[in-house]
$ cat entry.txt   # compact mmCIF, C-alpha atoms
# COMPACT_ATOMS: atom_id res chain seq x y z
CA MET O 1 5.67 -12.67 -4.40
CA ARG O 2 7.35 -9.29 -4.66
CA PRO O 3 5.05 -6.30 -5.22
CA ILE O 4 4.97 -5.01 -8.80
CA VAL O 5 5.95 -1.36 -9.15
CA LYS O 6 4.69 0.76 -12.06
CA VAL O 7 5.05 4.49 -12.65
CA GLU O 8 2.62 6.32 -14.92
CA GLY O 9 3.24 10.05 -15.02
CA ASN O 10 3.24 11.33 -11.45
CA VAL O 11 1.47 8.23 -10.06
CA GLY O 12 3.48 5.34 -8.68
CA LYS O 13 1.54 2.13 -8.27
CA MET O 14 2.49 -0.79 -6.05
CA ILE O 15 0.51 -3.90 -6.96
CA LEU O 16 0.34 -6.42 -4.12
CA ILE O 17 -0.24 -10.08 -4.92
CA GLY O 18 -1.34 -12.70 -2.38
CA GLN O 19 -1.45 -12.47 1.40
CA PHE O 20 -0.12 -9.19 2.76
CA ASP O 21 1.60 -10.18 6.00
CA PHE O 22 4.97 -10.02 7.72
CA ASN O 23 6.53 -12.33 5.10
CA LEU O 24 6.19 -9.47 2.59
CA HIS O 25 7.97 -6.96 4.87
CA ARG O 26 11.34 -6.78 3.06
CA ASP O 27 9.85 -6.78 -0.45
CA PHE O 28 7.24 -4.16 0.52
CA ARG O 29 9.96 -1.92 1.95
CA GLN O 30 12.09 -2.23 -1.21
CA ALA O 31 9.12 -1.48 -3.49
CA SER O 32 8.13 1.46 -1.27
CA GLN O 33 11.63 2.87 -1.40
CA GLU O 34 11.63 2.63 -5.18
CA LEU O 35 8.51 4.83 -5.31
CA LEU O 36 9.75 7.22 -2.62
CA ASP O 37 13.08 7.68 -4.43
CA ASN O 38 11.39 8.48 -7.75
CA GLY O 39 11.20 12.28 -7.95
CA SER O 40 8.42 12.25 -10.57
CA VAL O 41 6.06 10.29 -8.28
CA GLN O 42 3.71 12.60 -6.37
CA GLU O 43 0.96 10.10 -5.57
CA ILE O 44 1.38 6.48 -4.44
CA HIS O 45 -1.39 3.96 -5.10
CA VAL O 46 -1.21 0.67 -3.20
CA ASP O 47 -3.33 -1.80 -5.21
CA PHE O 48 -5.11 -4.52 -3.20
CA ASP O 49 -7.00 -6.13 -6.11
CA GLN O 50 -5.15 -9.45 -5.68
CA VAL O 51 -4.94 -9.41 -1.86
CA PRO O 52 -7.32 -11.83 -0.09
CA PHE O 53 -5.92 -11.25 3.41
CA LEU O 54 -3.81 -8.85 5.45
CA ASP O 55 -2.63 -8.91 9.06
CA SER O 56 -1.60 -6.36 11.66
CA SER O 57 1.99 -6.20 10.40
CA ALA O 58 0.61 -5.13 7.00
CA LEU O 59 -1.25 -2.30 8.73
CA GLY O 60 2.01 -1.19 10.31
CA MET O 61 3.81 -1.26 6.96
CA LEU O 62 1.08 0.92 5.43
CA LEU O 63 1.27 3.43 8.29
CA LEU O 64 5.04 3.65 7.93
CA LEU O 65 4.80 4.19 4.17
CA LYS O 66 2.15 6.90 4.68
CA GLU O 67 4.42 8.68 7.15
CA ARG O 68 7.45 8.45 4.87
CA ALA O 69 5.43 9.58 1.83
CA ALA O 70 4.02 12.56 3.73
CA GLY O 71 7.56 13.52 4.70
CA GLN O 72 8.31 13.82 0.98
CA LYS O 73 5.02 15.62 0.25
CA LYS O 74 3.62 12.60 -1.61
CA SER O 75 0.04 11.44 -1.15
CA MET O 76 -1.01 7.82 -0.73
CA ILE O 77 -4.23 6.05 -1.74
CA LEU O 78 -5.29 2.46 -1.08
CA VAL O 79 -7.09 1.20 -4.20
CA ASN O 80 -9.09 -1.84 -5.38
CA CYS O 81 -9.87 -2.99 -1.84
CA HIS O 82 -12.23 -5.98 -1.68
CA GLU O 83 -14.73 -6.58 1.13
CA ALA O 84 -12.46 -8.64 3.43
CA VAL O 85 -9.68 -6.05 3.17
CA MET O 86 -12.15 -3.18 3.66
CA GLN O 87 -13.42 -4.83 6.87
CA VAL O 88 -9.89 -4.94 8.30
CA PHE O 89 -9.34 -1.29 7.34
CA GLU O 90 -12.62 -0.24 8.97
CA ILE O 91 -11.87 -2.15 12.21
CA ALA O 92 -8.46 -0.46 12.35
CA CYS O 93 -10.05 2.95 11.55
CA PHE O 94 -7.87 3.23 8.42
CA ASN O 95 -10.87 4.72 6.63
CA LYS O 96 -10.26 7.82 8.77
CA MET O 97 -6.50 7.98 8.08
CA PHE O 98 -6.30 6.99 4.41
CA THR O 99 -8.11 7.62 1.18
CA ILE O 100 -9.50 4.19 0.30
CA ARG O 101 -11.10 3.23 -3.00
CA PRO O 102 -13.08 -0.04 -2.96
CA ALA O 103 -12.79 -2.55 -5.81
CA GLY O 104 -15.22 -2.19 -8.67

$ encode --input "entry.txt" --output "structure tokens"
Amino acid sequence: MRPIVKVEGNVGKMILIGQFDFNLHRDFRQASQELLDNGSVQEIHVDFDQVPFLDSSALGMLLLLKERAAGQKKSMILVNCHEAVMQVFEIACFNKMFTIRPAG
């Protein structure tokens, strides 16, 4: 399912639903571009509340979005991350590269 994009003030939120893997690549890129192109968005939140699983291609997509956002002086936060997702982020040392907010 395509990520849901919402903009509230200067925060752009991308809500991911289901497994975050290579099959989501095109839709993730389109949703990312929508937030990057929006001049009022200064902070991007990627919402993992409904993500039970992610793979290494998802990690690559997040790194690319972070790089592109930084190039436009936009910050990026990973939010509502459940335990399984947090474990993947910790193994990949994403907790040192990203601001991550656990679920709850």

$ residues_around --input "entry.txt" --residues "region 19-28 of chain O" --least-positions-apart "4" --cutoff "9 Å" --atoms "all atoms listed in the file" --output "JSON, numbers by chain"
{"O": [1, 2, 3, 14, 32, 33, 50, 51, 52, 53, 54, 55, 56, 57, 58, 59, 61]}

$ residues_around --input "entry.txt" --residues "region 87-99 of chain O" --least-positions-apart "4" --cutoff "7 Å" --atoms "only C-alpha atoms" --output "VMD selection string"
chain O and resid 77 to 78 83

$ closest_residue --input "entry.txt" --among "O:Ile17, O:Val11, O:Ile4, O:Ala103" --to "Met76 (chain O)" --atoms "all atoms listed in the file"
O:Val11

$ atom_distance --input "entry.txt" --atom1 "CA of Gln72 (chain O)" --atom2 "CA of Gly18 (chain O)"
28.4 Å

$ atom_distance --input "entry.txt" --atom1 "CA of Ala69 (chain O)" --atom2 "CA of Val46 (chain O)"
12.2 Å

$ residues_around --input "entry.txt" --residues "Cys81 (chain O)" --least-positions-apart "5" --cutoff "8 Å" --atoms "only C-alpha atoms" --output "list in words"
Asp47, Phe48, Asp49, Met86, Ile100, Arg101, Pro102 and Ala103 of chain O

$ residues_around --input "entry.txt" --residues "Lys13 (chain O)" --least-positions-apart "3" --cutoff "6 Å" --atoms "all atoms listed in the file" --output "list in words"
Val5, Lys6, Ile44, His45 and Val46 of chain O

$ atom_distance --input "entry.txt" --atom1 "CA of Arg68 (chain O)" --atom2 "CA of Gly104 (chain O)"
28.5 Å

$ closest_residue --input "entry.txt" --among "O:Ser75, O:Val7, O:Ala84, O:Lys66" --to "Leu35 (chain O)" --atoms "only C-alpha atoms"
O:Val7

$ build_atoms --input "entry.txt" --residues "region 47-58 of chain O" --atoms "N, CA and C atoms" --output "PDB file, in the frame of the given file"
ATOM      1  N   ASP O  47      -2.233  -1.065  -4.569  1.00  0.00           N
ATOM      2  CA  ASP O  47      -3.330  -1.800  -5.210  1.00  0.00           C
ATOM      3  C   ASP O  47      -3.552  -3.143  -4.512  1.00  0.00           C
ATOM      4  N   PHE O  48      -4.753  -3.326  -3.960  1.00  0.00           N
ATOM      5  CA  PHE O  48      -5.110  -4.520  -3.200  1.00  0.00           C
ATOM      6  C   PHE O  48      -5.995  -5.479  -3.995  1.00  0.00           C
ATOM      7  N   ASP O  49      -6.084  -5.316  -5.308  1.00  0.00           N
ATOM      8  CA  ASP O  49      -7.000  -6.130  -6.110  1.00  0.00           C
ATOM      9  C   ASP O  49      -6.749  -7.628  -5.939  1.00  0.00           C
ATOM     10  N   GLN O  50      -5.493  -8.022  -5.772  1.00  0.00           N
ATOM     11  CA  GLN O  50      -5.150  -9.450  -5.680  1.00  0.00           C
ATOM     12  C   GLN O  50      -4.740  -9.851  -4.263  1.00  0.00           C
ATOM     13  N   VAL O  51      -5.258  -9.124  -3.262  1.00  0.00           N
ATOM     14  CA  VAL O  51      -4.940  -9.410  -1.860  1.00  0.00           C
ATOM     15  C   VAL O  51      -6.183  -9.958  -1.156  1.00  0.00           C
ATOM     16  N   PRO O  52      -6.171 -11.256  -0.785  1.00  0.00           N
ATOM     17  CA  PRO O  52      -7.320 -11.830  -0.090  1.00  0.00           C
ATOM     18  C   PRO O  52      -7.281 -11.617   1.423  1.00  0.00           C
ATOM     19  N   PHE O  53      -6.092 -11.291   1.962  1.00  0.00           N
ATOM     20  CA  PHE O  53      -5.920 -11.250   3.410  1.00  0.00           C
ATOM     21  C   PHE O  53      -4.786 -10.307   3.770  1.00  0.00           C
ATOM     22  N   LEU O  54      -4.921  -9.601   4.909  1.00  0.00           N
ATOM     23  CA  LEU O  54      -3.810  -8.850   5.450  1.00  0.00           C
ATOM     24  C   LEU O  54      -3.863  -8.930   6.966  1.00  0.00           C
ATOM     25  N   ASP O  55      -2.688  -8.808   7.598  1.00  0.00           N
ATOM     26  CA  ASP O  55      -2.630  -8.910   9.060  1.00  0.00           C
ATOM     27  C   ASP O  55      -2.159  -7.591   9.658  1.00  0.00           C
ATOM     28  N   SER O  56      -1.959  -7.596  10.967  1.00  0.00           N
ATOM     29  CA  SER O  56      -1.600  -6.360  11.660  1.00  0.00           C
ATOM     30  C   SER O  56      -0.239  -5.830  11.243  1.00  0.00           C
ATOM     31  N   SER O  57       0.689  -6.699  10.859  1.00  0.00           N
ATOM     32  CA  SER O  57       1.990  -6.200  10.400  1.00  0.00           C
ATOM     33  C   SER O  57       1.837  -5.434   9.082  1.00  0.00           C
ATOM     34  N   ALA O  58       0.888  -5.858   8.252  1.00  0.00           N
ATOM     35  CA  ALA O  58       0.610  -5.130   7.000  1.00  0.00           C
ATOM     36  C   ALA O  58       0.098  -3.732   7.315  1.00  0.00           C
TER      37      ALA O  58
END
